[in-house]
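File shown: protein27.cif. Contents: mmCIF, C-alpha atoms.
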```
data_target
loop_
_atom_site.label_atom_id
_atom_site.label_comp_id
_atom_site.auth_asym_id
_atom_site.auth_seq_id
_atom_site.Cartn_x
_atom_site.Cartn_y
_atom_site.Cartn_z
CA MET I 70 0.00 0.00 0.00
CA ALA I 71 1.71 3.18 -1.19
CA LEU I 72 -0.53 5.54 0.78
CA GLN I 73 -1.83 5.41 4.34
CA HIS I 74 -4.79 7.53 5.38
CA TRP I 75 -6.07 8.81 8.72
CA PRO I 76 -9.33 10.66 8.12
CA ALA I 77 -10.14 13.73 10.17
CA ASP I 78 -12.19 13.12 13.28
CA ASP I 79 -15.82 14.13 13.26
CA GLY I 80 -16.32 17.86 13.34
CA ALA I 81 -14.82 20.70 11.35
CA ARG I 82 -12.39 19.37 8.73
CA ARG I 83 -9.42 21.69 8.50
CA GLY I 84 -7.83 20.46 5.27
CA ARG I 85 -5.42 17.93 3.75
CA LEU I 86 -2.07 17.16 5.37
CA LEU I 87 0.61 15.05 3.66
CA LEU I 88 3.51 13.35 5.48
CA ILE I 89 6.65 12.27 3.59
CA HIS I 90 9.11 9.99 5.42
CA GLY I 91 12.89 9.93 5.34
CA LEU I 92 15.52 7.59 3.92
CA SER I 93 14.95 3.87 4.68
CA SER I 94 11.67 4.65 6.40
CA ILE I 95 8.05 3.95 5.44
CA ALA I 96 4.59 5.51 5.62
CA GLY I 97 3.74 3.44 8.69
CA SER I 98 6.46 5.26 10.63
CA TRP I 99 3.93 8.08 11.10
CA TRP I 100 1.79 5.68 13.20
CA ARG I 101 1.67 8.18 16.07
CA MET I 102 1.57 11.52 14.23
CA GLY I 103 -1.01 10.56 11.63
CA PRO I 104 -3.79 9.78 14.15
CA ALA I 105 -2.75 12.70 16.42
CA LEU I 106 -3.07 15.20 13.58
CA ALA I 107 -6.32 13.61 12.39
CA ALA I 108 -7.68 14.12 15.90
CA ARG I 109 -6.98 17.82 15.43
CA GLY I 110 -9.20 17.96 12.35
CA TRP I 111 -6.74 17.23 9.54
CA ASP I 112 -7.31 14.69 6.78
CA VAL I 113 -3.89 13.02 6.95
CA ALA I 114 -2.10 10.92 4.32
CA ALA I 115 1.40 9.41 4.48
CA VAL I 116 3.10 8.19 1.33
CA ASP I 117 5.68 5.46 0.74
CA GLN I 118 8.42 7.13 -1.27
CA ALA I 119 9.86 5.59 -4.43
CA GLY I 120 12.27 2.81 -3.50
CA HIS I 121 10.50 2.32 -0.17
CA GLY I 122 7.60 0.17 0.93
CA GLY I 123 8.18 -2.10 -2.06
CA ARG I 124 7.73 0.72 -4.60
CA PRO I 125 10.20 0.84 -7.51
CA VAL I 126 12.36 3.82 -8.46
CA GLU I 127 11.73 4.95 -12.03
CA GLY I 128 15.18 5.91 -13.28
CA GLU I 129 17.83 7.32 -10.98
CA VAL I 130 17.11 9.01 -7.66
CA SER I 131 16.65 12.77 -7.76
CA ALA I 132 14.35 15.32 -6.16
CA ALA I 133 12.33 15.35 -9.38
CA THR I 134 11.86 11.56 -9.60
CA LEU I 135 10.96 11.32 -5.91
CA ALA I 136 8.47 14.16 -6.29
CA ALA I 137 6.87 12.56 -9.35
CA ALA I 138 6.40 9.32 -7.41
CA VAL I 139 4.55 11.21 -4.68
CA ARG I 140 2.29 12.90 -7.20
CA GLU I 141 1.40 9.47 -8.67
CA VAL I 142 -0.33 8.41 -5.47
CA HIS I 143 -1.27 11.82 -4.01
CA PRO I 144 -2.11 14.21 -6.86
CA GLN I 145 -4.22 16.48 -4.65
CA ARG I 146 -2.66 19.69 -3.34
CA PRO I 147 -2.13 19.43 0.43
CA ASP I 148 -2.89 22.36 2.71
CA VAL I 149 0.04 21.26 4.87
CA LEU I 150 3.14 19.39 3.62
CA ILE I 151 5.52 17.83 6.16
CA GLY I 152 8.72 16.11 5.11
CA HIS I 153 11.46 14.48 7.18
CA SER I 154 15.08 14.24 5.99
CA LEU I 155 14.88 12.71 2.50
CA GLY I 156 11.24 13.79 2.63
CA THR I 157 12.41 17.41 2.73
CA VAL I 158 14.34 16.81 -0.50
CA THR I 159 11.16 15.41 -2.04
CA ALA I 160 9.06 18.29 -0.67
CA LEU I 161 11.39 20.81 -2.29
CA GLY I 162 11.24 18.82 -5.54
CA LEU I 163 7.45 19.04 -5.45
CA LEU I 164 7.61 22.81 -5.01
CA GLU I 165 10.25 23.20 -7.70
CA ALA I 166 7.89 21.47 -10.15
CA ASP I 167 4.85 23.47 -8.97
CA PRO I 168 5.51 26.38 -6.57
CA GLY I 169 1.87 26.54 -5.51
CA TRP I 170 1.42 22.82 -4.95
CA ALA I 171 1.36 22.97 -1.13
CA GLY I 172 0.17 25.44 1.47
CA THR I 173 2.13 25.43 4.72
CA VAL I 174 5.49 23.63 4.40
CA ILE I 175 7.24 22.07 7.41
CA LEU I 176 10.71 20.56 6.97
CA GLU I 177 11.96 18.25 9.73
CA ASP I 178 15.76 18.28 9.99
CA PRO I 179 16.55 18.94 6.31
CA PRO I 180 20.01 17.62 5.44
CA SER I 181 22.92 19.92 4.75
CA ARG I 182 25.45 19.15 2.04
CA LEU I 183 27.50 16.26 3.38
CA ALA I 184 31.23 15.74 3.16
CA PRO I 185 32.17 13.16 0.50
CA GLU I 186 33.25 10.59 3.07
CA ALA I 187 29.96 10.94 4.96
CA CYS I 188 28.03 10.37 1.73
CA ARG I 189 29.97 7.20 1.02
CA THR I 190 29.57 5.99 4.62
CA LEU I 191 25.79 6.48 4.44
CA ALA I 192 25.68 4.69 1.07
CA ASP I 193 27.51 1.69 2.45
CA GLY I 194 25.40 1.78 5.61
CA ILE I 195 21.99 1.53 3.95
CA VAL I 196 23.11 -1.42 1.85
CA ALA I 197 24.55 -3.14 4.91
CA ASP I 198 21.37 -2.48 6.91
CA VAL I 199 19.13 -4.10 4.30
CA ASP I 200 21.43 -7.13 4.11
CA ALA I 201 21.46 -7.36 7.92
CA VAL I 202 17.65 -7.31 8.21
CA ARG I 203 17.35 -10.06 5.65
CA ALA I 204 19.99 -12.15 7.43
CA ASP I 205 18.83 -11.66 11.04
CA ARG I 206 15.96 -9.26 11.62
CA ARG I 207 15.93 -9.81 15.39
CA ALA I 208 19.54 -8.66 15.71
CA VAL I 209 18.73 -5.42 13.87
CA VAL I 210 15.71 -4.83 16.11
CA GLU I 211 17.93 -5.16 19.17
CA ARG I 212 20.53 -2.84 17.67
CA VAL I 213 17.93 -0.14 16.94
CA ARG I 214 16.62 -0.43 20.50
CA ARG I 215 20.13 0.05 21.90
CA GLU I 216 20.92 2.99 19.62
CA SER I 217 17.57 4.74 20.18
CA PRO I 218 16.48 4.02 23.76
CA ARG I 219 13.95 6.89 23.72
CA TRP I 220 11.93 5.35 20.89
CA ASP I 221 8.63 3.62 21.46
CA GLY I 222 8.58 -0.07 20.54
CA GLU I 223 6.28 0.76 17.64
CA ASP I 224 8.90 3.19 16.31
CA VAL I 225 11.51 0.44 16.46
CA HIS I 226 9.19 -1.90 14.56
CA TRP I 227 8.53 0.58 11.75
CA ALA I 228 12.19 1.59 11.52
CA VAL I 229 13.19 -2.01 10.88
CA GLN I 230 10.21 -2.64 8.60
CA GLY I 231 11.20 0.38 6.53
CA ILE I 232 14.69 -1.05 6.06
CA ALA I 233 13.24 -4.45 5.14
CA GLU I 234 11.04 -2.93 2.40
CA MET I 235 13.67 -0.61 0.91
CA ASP I 236 15.58 -0.96 -2.35
CA PRO I 237 18.97 0.41 -1.27
CA GLY I 238 20.79 0.30 -4.61
CA PRO I 239 19.40 3.50 -6.23
CA PHE I 240 19.94 5.49 -3.05
CA ALA I 241 23.47 4.20 -2.55
CA ARG I 242 24.28 5.29 -6.12
CA TRP I 243 22.68 8.68 -5.47
CA LEU I 244 24.68 9.24 -2.29
CA ARG I 245 27.93 8.24 -3.97
CA ALA I 246 27.14 10.63 -6.82
CA LEU I 247 26.58 13.41 -4.29
CA ALA I 248 30.02 12.66 -2.86
CA ASP I 249 31.53 13.30 -6.28
CA GLU I 250 29.68 16.57 -6.93
CA SER I 251 31.94 19.58 -6.53
CA LEU I 252 29.06 22.02 -7.00
CA SER I 253 25.60 21.70 -5.46
CA THR I 254 23.17 24.16 -3.98
CA ALA I 255 23.53 24.77 -0.26
CA THR I 256 20.47 23.83 1.81
CA PRO I 257 19.63 27.39 2.99
CA ASP I 258 19.86 28.67 -0.59
CA ARG I 259 17.60 25.93 -1.91
CA ILE I 260 15.00 26.34 0.82
CA GLY I 261 15.09 30.11 0.47
CA ALA I 262 14.57 29.89 -3.28
CA VAL I 263 11.88 27.20 -3.33
CA ALA I 264 10.08 27.58 0.02
CA PRO I 265 10.87 31.03 1.46
CA GLY I 266 7.99 30.73 3.96
CA ALA I 267 8.84 27.21 5.15
CA HIS I 268 9.06 26.22 8.80
CA VAL I 269 12.10 24.16 9.85
CA LEU I 270 12.22 21.79 12.81
CA ALA I 271 15.91 21.45 13.66
CA ALA I 272 17.39 18.81 15.95
CA VAL I 273 19.46 20.20 18.81
CA GLY I 274 22.04 18.01 20.50
CA ASP I 275 25.66 16.92 20.67
CA ARG I 276 25.50 13.85 18.39
CA SER I 277 26.84 13.82 14.85
CA LEU I 278 24.63 12.75 11.95
CA LEU I 279 26.35 9.38 11.65
CA ASP I 280 25.63 8.86 15.36
CA GLY I 281 21.96 9.74 14.98
CA GLY I 282 22.30 13.51 15.41
CA SER I 283 21.10 16.39 13.27
CA ALA I 284 21.61 16.38 9.52
CA LEU I 285 21.37 20.18 9.48
CA ALA I 286 24.76 21.79 10.09
CA ALA I 287 24.91 24.58 12.68
CA ALA I 288 26.02 27.09 10.06
CA ASP I 289 23.08 26.20 7.81
CA ARG I 290 20.67 26.47 10.72
CA GLU I 291 21.99 29.97 11.47
CA ALA I 292 21.66 30.91 7.80
CA LEU I 293 18.05 29.71 7.76
CA GLU I 294 17.27 31.65 10.95
CA ALA I 295 18.49 34.79 9.20
CA ARG I 296 16.77 34.05 5.90
CA LEU I 297 13.35 32.66 6.87
CA PRO I 298 10.68 34.72 8.66
CA PRO I 299 11.21 35.17 12.43
CA GLY I 300 10.28 32.10 14.44
CA HIS I 301 10.26 29.77 11.44
CA VAL I 302 13.27 27.76 12.65
CA ILE I 303 12.34 25.77 15.76
CA GLY I 304 14.97 23.86 17.71
CA ILE I 305 13.92 20.62 19.40
CA ALA I 306 16.20 18.59 21.66
CA GLY I 307 16.77 15.22 20.04
CA GLY I 308 18.37 13.45 17.13
CA HIS I 309 17.78 13.41 13.41
CA CYS I 310 14.37 11.70 13.69
CA LEU I 311 12.58 14.18 15.93
CA HIS I 312 9.09 12.73 15.55
CA ARG I 313 10.47 9.57 17.20
CA ASP I 314 12.99 11.10 19.60
CA ALA I 315 10.73 13.88 20.90
CA PRO I 316 7.17 13.14 19.76
CA ASP I 317 5.42 15.45 22.23
CA GLU I 318 7.66 18.39 21.37
CA TRP I 319 7.34 17.65 17.64
CA LEU I 320 3.56 17.55 17.83
CA ALA I 321 3.41 20.73 19.91
CA ALA I 322 5.61 22.57 17.39
CA VAL I 323 3.59 21.37 14.39
CA ALA I 324 0.28 22.13 16.12
CA ALA I 325 1.48 25.68 16.84
CA ILE I 326 2.46 26.20 13.19
CA ILE I 327 -0.79 24.90 11.69
CA GLY I 328 -3.10 25.77 14.58
#
```
Starting from the coordinates I provided, produce the structure as structure tokens.
Amino acid sequence: MALQHWPADDGARRGRLLLIHGLSSIAGSWWRMGPALAARGWDVAAVDQAGHGGRPVEGEVSAATLAAAVREVHPQRPDVLIGHSLGTVTALGLLEADPGWAGTVILEDPPSRLAPEACRTLADGIVADVDAVRADRRAVVERVRRESPRWDGEDVHWAVQGIAEMDPGPFARWLRALADESLSTATPDRIGAVAPGAHVLAAVGDRSLLDGGSALAAADREALEARLPPGHVIGIAGGHCLHRDAPDEWLAAVAAIIG
């Protein structure tokens, strides 16, 4: 199923809200946020991205191909668009193709340009993770629990399920290609050009990205704070996956933005 749906609770329907997951995740990973936002009157959908949830990737990975795959299963314009990590790349691709496609845009920990070695490490890591789940799923479950002790058991389940249903090859090639690019648009410049009114939820903590910390570099966060409207960059204590690390704080921040 490429699209999950949580219809708005009875009462005044406030509009459509679309959730786009990150790398090696899955639509079911929004198991907590989908119902919580539906309870606040939003008609919520969460999409499996191309290469995830058993969906194929048509061609090579890019913001444009990821965006097109979203439009295949969710052609309607959402009033609120929320993307996490890779989902922010897709969200920006959707807005590049059609600047008016979404209303309010919320980007959870958008990734900065990574050093070449970090790109290659992530590429090797996603391939190794998929192989590990297929060889011994229980061992991967235990590893995720150790690495993310704050996560609910349901979050652990969906994290591992997302890995199990991912096609890592296209994304490993994409990450290795990014490592070889000498010129690419910096994250603040891209967000400023494509979504100048976006809201950014930024992870705050001491961990590095490869240790589960923020993908948004401190310098890029400062640039976004200067470039976006006041109050549009919100820091939340936690790691790269804030809706799992700090669900109450994430929900409070999103509710304040769209409330």
Ranking I:Thr190, I:Thr256, I:Ser94, I:Thr157 by minimum distance to Val174 of chain I and counting only C-alpha atoms, which one comes first?
I:Thr157
Name the residues within 12 Å of (22.7, -4.0, 5.9), counting only C-alpha atoms in the file's coordinates, and put them as an mmCIF file with C-alpha atoms, keeping the file's coordinate frame.
```
data_model
loop_
_atom_site.group_PDB
_atom_site.id
_atom_site.type_symbol
_atom_site.label_atom_id
_atom_site.label_comp_id
_atom_site.auth_asym_id
_atom_site.auth_seq_id
_atom_site.Cartn_x
_atom_site.Cartn_y
_atom_site.Cartn_z
ATOM 1 C CA SER I 93 14.950 3.870 4.680
ATOM 2 C CA LEU I 191 25.790 6.480 4.440
ATOM 3 C CA ALA I 192 25.680 4.690 1.070
ATOM 4 C CA ASP I 193 27.510 1.690 2.450
ATOM 5 C CA GLY I 194 25.400 1.780 5.610
ATOM 6 C CA ILE I 195 21.990 1.530 3.950
ATOM 7 C CA VAL I 196 23.110 -1.420 1.850
ATOM 8 C CA ALA I 197 24.550 -3.140 4.910
ATOM 9 C CA ASP I 198 21.370 -2.480 6.910
ATOM 10 C CA VAL I 199 19.130 -4.100 4.300
ATOM 11 C CA ASP I 200 21.430 -7.130 4.110
ATOM 12 C CA ALA I 201 21.460 -7.360 7.920
ATOM 13 C CA VAL I 202 17.650 -7.310 8.210
ATOM 14 C CA ARG I 203 17.350 -10.060 5.650
ATOM 15 C CA ALA I 204 19.990 -12.150 7.430
ATOM 16 C CA ASP I 205 18.830 -11.660 11.040
ATOM 17 C CA ARG I 206 15.960 -9.260 11.620
ATOM 18 C CA ALA I 208 19.540 -8.660 15.710
ATOM 19 C CA VAL I 209 18.730 -5.420 13.870
ATOM 20 C CA VAL I 229 13.190 -2.010 10.880
ATOM 21 C CA ILE I 232 14.690 -1.050 6.060
ATOM 22 C CA ALA I 233 13.240 -4.450 5.140
ATOM 23 C CA MET I 235 13.670 -0.610 0.910
ATOM 24 C CA ASP I 236 15.580 -0.960 -2.350
ATOM 25 C CA PRO I 237 18.970 0.410 -1.270
ATOM 26 C CA GLY I 238 20.790 0.300 -4.610
ATOM 27 C CA ALA I 241 23.470 4.200 -2.550
#
```
Hey, which of I:Ala137, I:Arg313, I:Arg296, I:Val263 ends up closest to Gly222 of chain I? Count all atoms listed in the file.
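Result for the nearest residue to Gly222 of chain I: I:Arg313.
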Between I:His121, I:Arg207, I:His153, I:Arg146, which one has atoms that come closest to Leu311 of chain I, using only C-alpha atoms?
I:His153
Check what the PyMOL selection byres ((chain I and resi 275) around 12) selects in the file above and give those residues as number ranges by chain.
I: 272-274, 276-284, 286-287, 306-309
Separation of atom CA of Pro76 of chain I from atom CA of Trp111 of chain I, in Å and rounded to one decimal
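Atom CA of Trp111 of chain I lies at a distance of 7.2 Å from atom CA of Pro76 of chain I.
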I:Leu163, I:Ala96, I:Val149, I:Val158 ranked by distance to Ala136 of chain I, top pick (using all atoms listed in the file)
I:Leu163
Atom CA of Ala115 of chain I to atom CA of Gln73 of chain I, straight-line distance in Å
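Here the two named atoms are 5.1 Å from each other.
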Which polymer residues have any atom within 8 Å of an atom of Leu92 of chain I, counting all atoms listed in the file, with same-chain residues fewer than 4 positions away left out, as a compact mmCIF listing (two decimals) with C-alpha atoms, keeping the file's coordinate frame?
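Written output follows (result_17.txt):
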```txt
# COMPACT_ATOMS: atom_id res chain seq x y z
CA SER I 154 15.08 14.24 5.99
CA LEU I 155 14.88 12.71 2.50
CA GLY I 156 11.24 13.79 2.63
```
Name every residue that the PyMOL selection byres ((chain I and resi 79-88) around 7) selects in this structure, writing the answer as an MDAnalysis selection string with chains first and numbers rising.
chainID I and resid 77:78 89:90 110:116 147:152
Show which residues sit within 12 Å of Asp258 of chain I, as a compact mmCIF listing (two decimals) with C-alpha atoms, keeping the file's coordinate frame. Count all atoms listed in the file, and ignore same-chain residues fewer than 2 positions away.
```
# COMPACT_ATOMS: atom_id res chain seq x y z
CA LEU I 161 11.39 20.81 -2.29
CA SER I 181 22.92 19.92 4.75
CA ARG I 182 25.45 19.15 2.04
CA SER I 253 25.60 21.70 -5.46
CA THR I 254 23.17 24.16 -3.98
CA ALA I 255 23.53 24.77 -0.26
CA THR I 256 20.47 23.83 1.81
CA ILE I 260 15.00 26.34 0.82
CA GLY I 261 15.09 30.11 0.47
CA ALA I 262 14.57 29.89 -3.28
CA VAL I 263 11.88 27.20 -3.33
CA ALA I 264 10.08 27.58 0.02
CA PRO I 265 10.87 31.03 1.46
CA ASP I 289 23.08 26.20 7.81
CA ARG I 290 20.67 26.47 10.72
CA ALA I 292 21.66 30.91 7.80
CA LEU I 293 18.05 29.71 7.76
CA ALA I 295 18.49 34.79 9.20
CA ARG I 296 16.77 34.05 5.90
CA LEU I 297 13.35 32.66 6.87
```
Which value, in Å to one decimal, gives the distance between atom CA of Trp319 of chain I and atom CA of Trp99 of chain I?
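Atom-to-atom, atom CA of Trp319 of chain I to atom CA of Trp99 of chain I, that is 12.1 Å.
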Within 12 Å of (9.1, -1.4, 16.4) (coordinates as in the file), grab all the protein and nucleic acid residues, counting only C-alpha atoms, and write them out as a ChimeraX atom specification.
/I:94,97-98,100,206-207,209-214,217-218,220-232,313
